[in-house]
$ cat my_file28.pdb   # PDB, C-alpha atoms, pLDDT in the B column
ATOM      1  CA  MET A   1     126.235  63.189 148.434  1.00 89.00           C
ATOM      2  CA  LEU A   2     122.522  63.994 148.283  1.00 96.00           C
ATOM      3  CA  PHE A   3     120.181  63.095 145.436  1.00 98.00           C
ATOM      4  CA  GLY A   4     116.796  64.276 144.254  1.00 98.00           C
ATOM      5  CA  ILE A   5     113.908  63.762 141.846  1.00 98.00           C
ATOM      6  CA  CYS A   6     111.405  66.272 140.501  1.00 98.00           C
ATOM      7  CA  ASN A   7     107.785  65.622 141.518  1.00 96.00           C
ATOM      8  CA  LEU A   8     106.338  68.777 139.930  1.00 97.00           C
ATOM      9  CA  SER A   9     105.436  69.487 136.320  1.00 97.00           C
ATOM     10  CA  ILE A  10     108.159  72.023 135.415  1.00 98.00           C
ATOM     11  CA  VAL A  11     110.770  73.467 137.788  1.00 98.00           C
ATOM     12  CA  PRO A  12     113.116  76.325 136.783  1.00 98.00           C
ATOM     13  CA  VAL A  13     116.864  75.839 137.055  1.00 98.00           C
ATOM     14  CA  ARG A  14     118.594  79.144 137.782  1.00 98.00           C
ATOM     15  CA  LEU A  15     122.120  80.400 137.304  1.00 97.00           C
ATOM     16  CA  GLU A  16     122.373  81.493 140.955  1.00 97.00           C
ATOM     17  CA  PRO A  17     120.402  80.635 144.134  1.00 97.00           C
ATOM     18  CA  ASN A  18     117.949  83.493 143.742  1.00 95.00           C
ATOM     19  CA  GLU A  19     114.604  83.620 141.934  1.00 93.00           C
ATOM     20  CA  ASN A  20     115.602  86.915 140.347  1.00 92.00           C
ATOM     21  CA  TYR A  21     118.417  85.270 138.363  1.00 92.00           C
ATOM     22  CA  GLY A  22     117.793  84.024 134.858  1.00 92.00           C
ATOM     23  CA  MET A  23     116.523  80.536 134.116  1.00 97.00           C
ATOM     24  CA  ILE A  24     119.163  78.409 132.385  1.00 98.00           C
ATOM     25  CA  SER A  25     117.085  75.242 132.074  1.00 98.00           C
ATOM     26  CA  GLN A  26     114.170  73.331 133.551  1.00 98.00           C
ATOM     27  CA  VAL A  27     113.706  70.090 135.468  1.00 98.00           C
ATOM     28  CA  LEU A  28     110.662  68.209 134.240  1.00 98.00           C
ATOM     29  CA  PHE A  29     108.540  65.803 136.245  1.00 98.00           C
ATOM     30  CA  GLY A  30     110.364  62.553 136.970  1.00 98.00           C
ATOM     31  CA  GLU A  31     113.871  63.763 136.129  1.00 98.00           C
ATOM     32  CA  HIS A  32     116.528  62.966 138.730  1.00 98.00           C
ATOM     33  CA  PHE A  33     119.794  64.597 139.725  1.00 98.00           C
ATOM     34  CA  LYS A  34     122.649  64.838 142.189  1.00 98.00           C
ATOM     35  CA  VAL A  35     122.539  67.573 144.832  1.00 98.00           C
ATOM     36  CA  LEU A  36     126.004  69.122 144.841  1.00 98.00           C
ATOM     37  CA  GLU A  37     125.267  71.714 147.516  1.00 98.00           C
ATOM     38  CA  ARG A  38     122.217  72.272 149.706  1.00 97.00           C
ATOM     39  CA  ARG A  39     121.555  75.596 151.377  1.00 97.00           C
ATOM     40  CA  LYS A  40     118.615  76.775 153.486  1.00 96.00           C
ATOM     41  CA  GLU A  41     116.350  77.533 150.517  1.00 97.00           C
ATOM     42  CA  TRP A  42     118.262  76.434 147.403  1.00 98.00           C
ATOM     43  CA  SER A  43     120.130  73.403 146.084  1.00 98.00           C
ATOM     44  CA  LYS A  44     122.798  73.266 143.406  1.00 98.00           C
ATOM     45  CA  ILE A  45     122.096  70.206 141.271  1.00 98.00           C
ATOM     46  CA  ARG A  46     123.694  68.244 138.438  1.00 98.00           C
ATOM     47  CA  MET A  47     121.192  66.603 136.112  1.00 98.00           C
ATOM     48  CA  ASP A  48     121.716  62.897 135.509  1.00 98.00           C
ATOM     49  CA  PHE A  49     120.607  63.056 131.861  1.00 97.00           C
ATOM     50  CA  ASP A  50     122.902  65.801 130.544  1.00 97.00           C
ATOM     51  CA  LYS A  51     125.083  66.820 133.538  1.00 97.00           C
ATOM     52  CA  LEU A  52     123.776  70.423 133.454  1.00 98.00           C
ATOM     53  CA  GLU A  53     124.350  72.263 136.743  1.00 98.00           C
ATOM     54  CA  GLY A  54     122.244  74.984 138.316  1.00 98.00           C
ATOM     55  CA  TRP A  55     120.124  75.973 141.298  1.00 98.00           C
ATOM     56  CA  ILE A  56     116.574  74.925 142.173  1.00 98.00           C
ATOM     57  CA  ASP A  57     114.211  75.725 145.049  1.00 98.00           C
ATOM     58  CA  ASN A  58     114.378  73.168 147.884  1.00 98.00           C
ATOM     59  CA  LYS A  59     110.564  73.088 148.015  1.00 98.00           C
ATOM     60  CA  GLN A  60     110.380  71.805 144.451  1.00 98.00           C
ATOM     61  CA  TYR A  61     111.902  68.344 144.634  1.00 98.00           C
ATOM     62  CA  LEU A  62     111.999  65.144 146.688  1.00 98.00           C
ATOM     63  CA  GLU A  63     115.139  63.751 148.261  1.00 98.00           C
ATOM     64  CA  ILE A  64     116.112  60.198 147.299  1.00 98.00           C
ATOM     65  CA  ASP A  65     118.970  57.977 148.393  1.00 97.00           C
ATOM     66  CA  GLU A  66     121.912  56.825 146.287  1.00 97.00           C
ATOM     67  CA  ASP A  67     120.546  53.337 145.665  1.00 98.00           C
ATOM     68  CA  TYR A  68     117.311  54.751 144.270  1.00 98.00           C
ATOM     69  CA  TYR A  69     119.269  57.238 142.136  1.00 98.00           C
ATOM     70  CA  ILE A  70     121.335  54.412 140.652  1.00 98.00           C
ATOM     71  CA  LYS A  71     118.187  52.375 140.005  1.00 98.00           C
ATOM     72  CA  LEU A  72     116.632  55.303 138.154  1.00 98.00           C
ATOM     73  CA  THR A  73     119.782  55.798 136.100  1.00 97.00           C
ATOM     74  CA  GLU A  74     120.064  52.142 135.138  1.00 97.00           C
ATOM     75  CA  THR A  75     116.383  51.652 134.255  1.00 96.00           C
ATOM     76  CA  PRO A  76     115.350  52.421 130.634  1.00 95.00           C
ATOM     77  CA  ARG A  77     113.625  55.792 130.469  1.00 97.00           C
ATOM     78  CA  CYS A  78     110.047  56.358 129.368  1.00 98.00           C
ATOM     79  CA  PHE A  79     108.835  59.851 128.419  1.00 98.00           C
ATOM     80  CA  ALA A  80     105.384  61.409 128.317  1.00 98.00           C
ATOM     81  CA  GLY A  81     104.309  61.832 124.699  1.00 97.00           C
ATOM     82  CA  GLU A  82     101.436  64.340 124.933  1.00 97.00           C
ATOM     83  CA  TYR A  83     101.771  68.135 124.808  1.00 96.00           C
ATOM     84  CA  ILE A  84     100.239  68.161 128.286  1.00 96.00           C
ATOM     85  CA  ASP A  85      98.436  65.409 130.148  1.00 96.00           C
ATOM     86  CA  PHE A  86      97.270  64.426 133.605  1.00 96.00           C
ATOM     87  CA  ILE A  87      98.597  61.855 135.998  1.00 97.00           C
ATOM     88  CA  THR A  88      96.609  60.563 138.959  1.00 95.00           C
ATOM     89  CA  ASP A  89      97.811  59.132 142.247  1.00 91.00           C
ATOM     90  CA  LYS A  90      96.121  56.538 144.462  1.00 88.00           C
ATOM     91  CA  ASP A  91      93.829  59.236 145.913  1.00 87.00           C
ATOM     92  CA  GLU A  92      92.731  60.289 142.388  1.00 89.00           C
ATOM     93  CA  SER A  93      94.524  63.608 142.833  1.00 92.00           C
ATOM     94  CA  LEU A  94      95.433  65.175 139.484  1.00 94.00           C
ATOM     95  CA  ALA A  95      98.754  66.685 138.388  1.00 94.00           C
ATOM     96  CA  THR A  96     100.011  67.739 134.966  1.00 96.00           C
ATOM     97  CA  VAL A  97     103.033  66.485 133.065  1.00 97.00           C
ATOM     98  CA  PRO A  98     104.377  68.055 129.839  1.00 98.00           C
ATOM     99  CA  LEU A  99     105.807  66.444 126.728  1.00 98.00           C
ATOM    100  CA  GLY A 100     109.200  64.978 127.616  1.00 98.00           C
ATOM    101  CA  ALA A 101     108.497  64.417 131.309  1.00 98.00           C
ATOM    102  CA  CYS A 102     109.965  61.207 132.696  1.00 98.00           C
ATOM    103  CA  LEU A 103     107.739  58.367 133.941  1.00 98.00           C
ATOM    104  CA  PRO A 104     109.970  56.266 136.233  1.00 98.00           C
ATOM    105  CA  PHE A 105     109.510  52.484 136.054  1.00 98.00           C
ATOM    106  CA  TYR A 106     106.597  52.876 133.622  1.00 97.00           C
ATOM    107  CA  SER A 107     104.615  49.763 132.670  1.00 96.00           C
ATOM    108  CA  LYS A 108     101.126  49.464 131.178  1.00 95.00           C
ATOM    109  CA  GLY A 109      99.921  52.901 132.210  1.00 96.00           C
ATOM    110  CA  LYS A 110     101.440  52.805 135.692  1.00 97.00           C
ATOM    111  CA  PHE A 111     104.617  54.294 137.137  1.00 97.00           C
ATOM    112  CA  GLU A 112     105.999  55.240 140.537  1.00 96.00           C
ATOM    113  CA  ILE A 113     108.203  57.658 142.434  1.00 97.00           C
ATOM    114  CA  LEU A 114     109.351  56.293 145.787  1.00 95.00           C
ATOM    115  CA  ASP A 115     106.177  55.041 147.549  1.00 93.00           C
ATOM    116  CA  SER A 116     103.796  57.039 145.359  1.00 94.00           C
ATOM    117  CA  LYS A 117     102.119  55.196 142.507  1.00 96.00           C
ATOM    118  CA  TYR A 118     100.648  57.004 139.501  1.00 97.00           C
ATOM    119  CA  THR A 119      98.474  56.334 136.487  1.00 97.00           C
ATOM    120  CA  TYR A 120      99.185  57.860 133.082  1.00 97.00           C
ATOM    121  CA  ASP A 121      97.021  57.047 130.054  1.00 95.00           C
ATOM    122  CA  GLY A 122      98.716  59.163 127.376  1.00 96.00           C
ATOM    123  CA  ALA A 123     101.162  58.331 124.604  1.00 97.00           C
ATOM    124  CA  THR A 124     104.751  57.525 125.575  1.00 98.00           C
ATOM    125  CA  TYR A 125     108.200  57.416 123.991  1.00 97.00           C
ATOM    126  CA  ASN A 126     110.427  54.614 125.228  1.00 96.00           C
ATOM    127  CA  ALA A 127     112.256  53.309 122.154  1.00 94.00           C
ATOM    128  CA  VAL A 128     115.184  54.241 119.937  1.00 96.00           C
ATOM    129  CA  PHE A 129     113.796  55.603 116.667  1.00 95.00           C
ATOM    130  CA  LYS A 130     115.474  55.888 113.300  1.00 92.00           C
ATOM    131  CA  LYS A 131     116.984  59.181 112.249  1.00 93.00           C
ATOM    132  CA  GLU A 132     114.123  60.097 109.921  1.00 91.00           C
ATOM    133  CA  THR A 133     111.785  60.227 112.936  1.00 96.00           C
ATOM    134  CA  LEU A 134     113.618  63.280 114.319  1.00 97.00           C
ATOM    135  CA  ILE A 135     111.913  65.735 111.964  1.00 97.00           C
ATOM    136  CA  LYS A 136     108.491  64.191 112.570  1.00 97.00           C
ATOM    137  CA  ILE A 137     108.971  64.750 116.316  1.00 97.00           C
ATOM    138  CA  ALA A 138     110.359  68.244 115.702  1.00 98.00           C
ATOM    139  CA  PHE A 139     107.082  69.253 114.019  1.00 97.00           C
ATOM    140  CA  MET A 140     105.312  68.674 117.337  1.00 96.00           C
ATOM    141  CA  PHE A 141     107.061  71.819 118.609  1.00 98.00           C
ATOM    142  CA  LEU A 142     106.249  74.024 115.606  1.00 98.00           C
ATOM    143  CA  ASN A 143     105.195  77.543 116.755  1.00 98.00           C
ATOM    144  CA  ALA A 144     106.188  76.864 120.385  1.00 98.00           C
ATOM    145  CA  PRO A 145     107.342  80.224 121.796  1.00 98.00           C
ATOM    146  CA  PHE A 146     111.032  80.843 122.433  1.00 98.00           C
ATOM    147  CA  LEU A 147     111.895  80.826 126.129  1.00 98.00           C
ATOM    148  CA  LYS A 148     115.452  81.093 127.381  1.00 98.00           C
ATOM    149  CA  GLY A 149     116.115  77.952 129.428  1.00 98.00           C
ATOM    150  CA  GLY A 150     112.847  76.322 128.372  1.00 98.00           C
ATOM    151  CA  LYS A 151     112.442  72.772 127.110  1.00 98.00           C
ATOM    152  CA  THR A 152     108.691  72.216 126.655  1.00 98.00           C
ATOM    153  CA  PRO A 153     106.158  73.130 123.923  1.00 97.00           C
ATOM    154  CA  PHE A 154     105.080  76.021 126.164  1.00 97.00           C
ATOM    155  CA  GLY A 155     108.478  77.691 125.874  1.00 98.00           C
ATOM    156  CA  ILE A 156     111.762  76.364 124.537  1.00 98.00           C
ATOM    157  CA  ASP A 157     115.195  77.600 123.475  1.00 98.00           C
ATOM    158  CA  SER A 158     117.296  76.330 120.582  1.00 98.00           C
ATOM    159  CA  GLY A 159     119.377  73.832 122.575  1.00 98.00           C
ATOM    160  CA  GLY A 160     116.375  72.647 124.555  1.00 98.00           C
ATOM    161  CA  PHE A 161     114.521  72.062 121.297  1.00 98.00           C
ATOM    162  CA  THR A 162     117.194  69.924 119.658  1.00 98.00           C
ATOM    163  CA  GLN A 163     117.954  68.046 122.878  1.00 98.00           C
ATOM    164  CA  THR A 164     114.292  67.226 123.523  1.00 98.00           C
ATOM    165  CA  VAL A 165     113.674  66.054 119.960  1.00 98.00           C
ATOM    166  CA  TYR A 166     116.671  63.733 120.187  1.00 98.00           C
ATOM    167  CA  LYS A 167     115.599  62.589 123.672  1.00 98.00           C
ATOM    168  CA  LEU A 168     112.103  61.598 122.530  1.00 98.00           C
ATOM    169  CA  CYS A 169     113.720  59.571 119.739  1.00 97.00           C
ATOM    170  CA  GLY A 170     115.886  57.710 122.262  1.00 97.00           C
ATOM    171  CA  HIS A 171     119.151  59.600 121.764  1.00 97.00           C
ATOM    172  CA  GLN A 172     121.072  61.571 124.381  1.00 96.00           C
ATOM    173  CA  ILE A 173     122.757  64.894 123.621  1.00 98.00           C
ATOM    174  CA  PHE A 174     123.846  67.815 125.780  1.00 98.00           C
ATOM    175  CA  ARG A 175     121.606  70.699 126.815  1.00 98.00           C
ATOM    176  CA  THR A 176     123.085  73.797 125.157  1.00 98.00           C
ATOM    177  CA  ALA A 177     124.231  74.715 121.647  1.00 98.00           C
ATOM    178  CA  PRO A 178     127.921  75.173 122.677  1.00 98.00           C
ATOM    179  CA  GLU A 179     127.929  71.714 124.286  1.00 98.00           C
ATOM    180  CA  GLN A 180     126.164  70.118 121.332  1.00 98.00           C
ATOM    181  CA  ALA A 181     128.814  71.616 119.042  1.00 97.00           C
ATOM    182  CA  LYS A 182     131.351  69.331 120.746  1.00 97.00           C
ATOM    183  CA  GLN A 183     129.426  66.174 119.862  1.00 97.00           C
ATOM    184  CA  GLY A 184     129.218  64.133 116.705  1.00 96.00           C
ATOM    185  CA  GLU A 185     131.044  64.162 113.383  1.00 97.00           C
ATOM    186  CA  VAL A 186     131.812  67.366 111.479  1.00 97.00           C
ATOM    187  CA  LEU A 187     130.356  67.586 107.958  1.00 95.00           C
ATOM    188  CA  SER A 188     132.094  69.832 105.460  1.00 88.00           C
ATOM    189  CA  PHE A 189     129.097  70.832 103.355  1.00 87.00           C
ATOM    190  CA  ILE A 190     125.336  71.177 103.670  1.00 90.00           C
ATOM    191  CA  GLU A 191     125.058  68.747 100.765  1.00 91.00           C
ATOM    192  CA  GLU A 192     126.592  66.019 102.960  1.00 93.00           C
ATOM    193  CA  SER A 193     123.944  66.469 105.643  1.00 95.00           C
ATOM    194  CA  GLU A 194     120.772  64.479 106.259  1.00 96.00           C
ATOM    195  CA  PRO A 195     117.498  65.521 107.903  1.00 97.00           C
ATOM    196  CA  GLY A 196     118.071  65.476 111.658  1.00 97.00           C
ATOM    197  CA  ASP A 197     121.707  66.603 111.575  1.00 98.00           C
ATOM    198  CA  LEU A 198     122.552  69.650 113.685  1.00 98.00           C
ATOM    199  CA  ALA A 199     123.432  73.025 112.182  1.00 98.00           C
ATOM    200  CA  LEU A 200     125.246  75.308 114.639  1.00 98.00           C
ATOM    201  CA  PHE A 201     125.717  79.051 114.401  1.00 98.00           C
ATOM    202  CA  ASP A 202     128.103  81.562 115.962  1.00 97.00           C
ATOM    203  CA  ASP A 203     128.231  85.252 116.806  1.00 96.00           C
ATOM    204  CA  ALA A 204     130.748  87.910 115.740  1.00 93.00           C
ATOM    205  CA  GLU A 205     133.212  86.667 118.375  1.00 95.00           C
ATOM    206  CA  GLY A 206     133.018  83.078 117.149  1.00 95.00           C
ATOM    207  CA  ASN A 207     130.940  81.775 120.076  1.00 97.00           C
ATOM    208  CA  ILE A 208     128.344  79.114 119.295  1.00 98.00           C
ATOM    209  CA  VAL A 209     125.004  80.700 120.152  1.00 98.00           C
ATOM    210  CA  HIS A 210     122.313  78.803 118.240  1.00 98.00           C
ATOM    211  CA  VAL A 211     121.410  75.352 116.908  1.00 98.00           C
ATOM    212  CA  GLY A 212     118.722  73.839 114.711  1.00 98.00           C
ATOM    213  CA  LEU A 213     117.727  70.642 112.931  1.00 98.00           C
ATOM    214  CA  ILE A 214     118.448  70.346 109.219  1.00 98.00           C
ATOM    215  CA  MET A 215     115.463  69.327 107.090  1.00 97.00           C
ATOM    216  CA  PHE A 216     115.038  68.279 103.461  1.00 94.00           C
ATOM    217  CA  ASP A 217     115.711  70.657 100.559  1.00 93.00           C
ATOM    218  CA  ASN A 218     117.861  73.177 102.466  1.00 94.00           C
ATOM    219  CA  TYR A 219     115.370  74.038 105.178  1.00 97.00           C
ATOM    220  CA  ILE A 220     115.959  74.170 108.931  1.00 98.00           C
ATOM    221  CA  ILE A 221     113.628  73.974 111.932  1.00 98.00           C
ATOM    222  CA  HIS A 222     114.828  75.904 114.979  1.00 98.00           C
ATOM    223  CA  SER A 223     113.683  78.021 117.939  1.00 98.00           C
ATOM    224  CA  PHE A 224     114.039  81.732 117.200  1.00 98.00           C
ATOM    225  CA  GLY A 225     111.142  83.815 118.504  1.00 98.00           C
ATOM    226  CA  LYS A 226     109.227  80.591 118.100  1.00 98.00           C
ATOM    227  CA  VAL A 227     109.951  77.172 116.661  1.00 98.00           C
ATOM    228  CA  ARG A 228     109.924  77.941 112.950  1.00 98.00           C
ATOM    229  CA  ILE A 229     111.103  76.742 109.560  1.00 98.00           C
ATOM    230  CA  ASP A 230     113.531  78.849 107.525  1.00 98.00           C
ATOM    231  CA  ARG A 231     115.890  78.441 104.583  1.00 97.00           C
ATOM    232  CA  LEU A 232     119.448  77.229 105.176  1.00 97.00           C
ATOM    233  CA  ASP A 233     122.363  78.091 102.899  1.00 96.00           C
ATOM    234  CA  HIS A 234     126.158  78.201 103.168  1.00 93.00           C
ATOM    235  CA  SER A 235     125.982  81.595 104.887  1.00 95.00           C
ATOM    236  CA  GLY A 236     123.436  80.575 107.498  1.00 97.00           C
ATOM    237  CA  ILE A 237     119.721  80.887 108.175  1.00 98.00           C
ATOM    238  CA  PHE A 238     117.759  83.018 105.703  1.00 97.00           C
ATOM    239  CA  ASN A 239     114.409  84.417 106.829  1.00 96.00           C
ATOM    240  CA  GLU A 240     112.220  84.840 103.741  1.00 92.00           C
ATOM    241  CA  GLU A 241     109.786  87.059 105.661  1.00 91.00           C
ATOM    242  CA  THR A 242     112.422  89.689 106.387  1.00 92.00           C
ATOM    243  CA  GLY A 243     114.646  88.971 103.386  1.00 94.00           C
ATOM    244  CA  ARG A 244     117.835  88.694 105.446  1.00 96.00           C
ATOM    245  CA  HIS A 245     120.085  86.217 107.212  1.00 97.00           C
ATOM    246  CA  THR A 246     119.470  85.890 110.948  1.00 97.00           C
ATOM    247  CA  HIS A 247     122.290  83.479 111.905  1.00 98.00           C
ATOM    248  CA  LYS A 248     125.785  82.758 110.588  1.00 97.00           C
ATOM    249  CA  LEU A 249     126.563  79.095 109.954  1.00 97.00           C
ATOM    250  CA  ARG A 250     129.561  77.763 111.849  1.00 97.00           C
ATOM    251  CA  VAL A 251     129.448  73.965 111.602  1.00 97.00           C
ATOM    252  CA  ILE A 252     127.238  70.996 110.746  1.00 97.00           C
ATOM    253  CA  LYS A 253     127.302  67.956 113.003  1.00 97.00           C
ATOM    254  CA  LYS A 254     126.155  64.407 112.351  1.00 97.00           C
ATOM    255  CA  ILE A 255     125.111  62.943 115.709  1.00 96.00           C
ATOM    256  CA  ILE A 256     123.512  59.655 114.601  1.00 94.00           C
TER     257      ILE A 256
END
$ encode --input "my_file28.pdb" --output "structure tokens"
Amino acid sequence: MLFGICNLSIVPVRLEPNENYGMISQVLFGEHFKVLERRKEWSKIRMDFDKLEGWIDNKQYLEIDEDYYIKLTETPRCFAGEYIDFITDKDESLATVPLGACLPFYSKGKFEILDSKYTYDGATYNAVFKKETLIKIAFMFLNAPFLKGGKTPFGIDSGGFTQTVYKLCGHQIFRTAPEQAKQGEVLSFIEESEPGDLALFDDAEGNIVHVGLIMFDNYIIHSFGKVRIDRLDHSGIFNEETGRHTHKLRVIKKII
């Protein structure tokens, strides 16, 4: 089995090995993965963090061996905490990293990938925070544009939004709304929920298609057009600007 790590800011993960296929997720700087299949130009990968599978360009990652992969997996993760910031290598060459990028083996402003050593002076997240911190972190993404497959403040979908907020608070959940619906404890009523619980929504066929974070006083923050705050009731999400419901509530999940 082959293994890899992302050494670029943001790399698209595609449904098929072709740049014309839709993006289903992204690999951020420092994230590592298994290479399930390697072709001439594309590799099918499985992310270590959430087990998502998809295809990335062979030119957009570094190969690592199994021992290094295991070391990365077993070492506590540290994440970049700025919307966007620079890292520098030993030659003072600059590269950007977005909020949520991984900084392998980070300590006192330094981290490394294989033989390359980097400096990063920005804020970091490397602890497990209490549940009430989730909404504070969620506000960092307010007004970020919706992007199918995205998971940064420069474009993010509903599952990427909830996953990244939980990740920065030290909690691991799956990548997509349907997968997140399988996690946690079911709550019967909105009144039982707490800020940071997940509200999940389905379509006419009963498929989970959307997720958001419950806030205080029957509000929800979610990615729909942009990361926004709307009302939440027993029917679903109510948009006060349009005066109508945009999503039908299916289930509420308590993750932590």
$ resolve_selection --input "my_file28.pdb" --expression "the PyMOL selection byres ((chain A and resi 171-176) around 12)" --output "PyMOL selection string"
chain A and resi 24-27+47-53+77+125-131+133-134+148-151+156-170+177-184+196+198+200+208-212+253-256
$ resolve_selection --input "my_file28.pdb" --expression "the PyMOL selection byres ((chain A and resi 187) around 6)" --output "PyMOL selection string"
chain A and resi 186+188-189+252-253
$ atom_distance --input "my_file28.pdb" --atom1 "CA of Asp202 in chain A" --atom2 "CA of Leu249 in chain A"
6.7 Å
$ resolve_selection --input "my_file28.pdb" --expression "the PyMOL selection byres ((chain A and resi 226) around 6)" --output "JSON, numbers by chain"
{"A": [143, 144, 145, 146, 223, 224, 225, 227, 228]}
$ write_last_selection --input "my_file28.pdb" --atoms "C-alpha atoms" --output "compact mmCIF listing (two decimals), keeping the file's coordinate frame"
# COMPACT_ATOMS: atom_id res chain seq x y z
CA ASN A 143 105.20 77.54 116.76
CA ALA A 144 106.19 76.86 120.38
CA PRO A 145 107.34 80.22 121.80
CA PHE A 146 111.03 80.84 122.43
CA SER A 223 113.68 78.02 117.94
CA PHE A 224 114.04 81.73 117.20
CA GLY A 225 111.14 83.82 118.50
CA VAL A 227 109.95 77.17 116.66
CA ARG A 228 109.92 77.94 112.95
$ closest_residue --input "my_file28.pdb" --among "A:Ile10, A:Leu232, A:Ile237, A:Leu213" --to "Phe139 in chain A" --atoms "only C-alpha atoms"
A:Leu213
$ axis_aligned_box --input "my_file28.pdb" --around "range 123-132 of chain A" --padding-each-side "4 Å" --output "AutoDock Vina command-line options"
--center_x 109.1 --center_y 56.7 --center_z 117.7 --size_x 23.8 --size_y 14.8 --size_z 23.7
$ residues_around --input "my_file28.pdb" --residues "Asp91 in chain A" --least-positions-apart "5" --cutoff "12 Å" --atoms "only C-alpha atoms" --output "PDB file with C-alpha atoms, in the frame of the given file"
ATOM      1  CA  SER A 116     103.796  57.039 145.359  1.00 94.00           C
ATOM      2  CA  LYS A 117     102.119  55.196 142.507  1.00 96.00           C
ATOM      3  CA  TYR A 118     100.648  57.004 139.501  1.00 97.00           C
ATOM      4  CA  THR A 119      98.474  56.334 136.487  1.00 97.00           C
TER       5      THR A 119
END
$ atom_distance --input "my_file28.pdb" --atom1 "CA of Phe154 in chain A" --atom2 "CA of Arg231 in chain A"
24.3 Å
$ build_atoms --input "my_file28.pdb" --residues "range 196-208 of chain A" --atoms "N, CA and C atoms" --output "PDB file, in the coordinates of the input"
ATOM      1  N   GLY A 196     117.792  65.862 110.278  1.00 97.00           N
ATOM      2  CA  GLY A 196     118.071  65.476 111.658  1.00 97.00           C
ATOM      3  C   GLY A 196     119.468  65.827 112.115  1.00 97.00           C
ATOM      4  N   ASP A 197     120.384  66.121 111.178  1.00 98.00           N
ATOM      5  CA  ASP A 197     121.707  66.603 111.575  1.00 98.00           C
ATOM      6  C   ASP A 197     121.587  67.990 112.197  1.00 98.00           C
ATOM      7  N   LEU A 198     122.564  68.357 113.010  1.00 98.00           N
ATOM      8  CA  LEU A 198     122.552  69.650 113.685  1.00 98.00           C
ATOM      9  C   LEU A 198     123.316  70.695 112.873  1.00 98.00           C
ATOM     10  N   ALA A 199     122.724  71.861 112.719  1.00 98.00           N
ATOM     11  CA  ALA A 199     123.432  73.025 112.182  1.00 98.00           C
ATOM     12  C   ALA A 199     123.648  73.990 113.339  1.00 98.00           C
ATOM     13  N   LEU A 200     124.900  74.440 113.512  1.00 98.00           N
ATOM     14  CA  LEU A 200     125.246  75.308 114.639  1.00 98.00           C
ATOM     15  C   LEU A 200     125.770  76.635 114.122  1.00 98.00           C
ATOM     16  N   PHE A 201     125.487  77.695 114.869  1.00 98.00           N
ATOM     17  CA  PHE A 201     125.717  79.051 114.401  1.00 98.00           C
ATOM     18  C   PHE A 201     126.455  79.849 115.468  1.00 98.00           C
ATOM     19  N   ASP A 202     127.314  80.789 115.005  1.00 97.00           N
ATOM     20  CA  ASP A 202     128.103  81.562 115.962  1.00 97.00           C
ATOM     21  C   ASP A 202     127.833  83.053 115.839  1.00 97.00           C
ATOM     22  N   ASP A 203     128.360  83.801 116.819  1.00 96.00           N
ATOM     23  CA  ASP A 203     128.231  85.252 116.806  1.00 96.00           C
ATOM     24  C   ASP A 203     129.500  85.879 116.238  1.00 96.00           C
ATOM     25  N   ALA A 204     129.607  87.193 116.320  1.00 93.00           N
ATOM     26  CA  ALA A 204     130.748  87.910 115.740  1.00 93.00           C
ATOM     27  C   ALA A 204     132.069  87.529 116.405  1.00 93.00           C
ATOM     28  N   GLU A 205     132.001  87.063 117.655  1.00 95.00           N
ATOM     29  CA  GLU A 205     133.212  86.667 118.375  1.00 95.00           C
ATOM     30  C   GLU A 205     133.551  85.190 118.175  1.00 95.00           C
ATOM     31  N   GLY A 206     132.744  84.483 117.400  1.00 95.00           N
ATOM     32  CA  GLY A 206     133.018  83.078 117.149  1.00 95.00           C
ATOM     33  C   GLY A 206     132.429  82.128 118.166  1.00 95.00           C
ATOM     34  N   ASN A 207     131.567  82.622 119.063  1.00 97.00           N
ATOM     35  CA  ASN A 207     130.940  81.775 120.076  1.00 97.00           C
ATOM     36  C   ASN A 207     129.685  81.115 119.509  1.00 97.00           C
ATOM     37  N   ILE A 208     129.554  79.814 119.719  1.00 98.00           N
ATOM     38  CA  ILE A 208     128.344  79.114 119.295  1.00 98.00           C
ATOM     39  C   ILE A 208     127.165  79.631 120.127  1.00 98.00           C
TER      40      ILE A 208
END
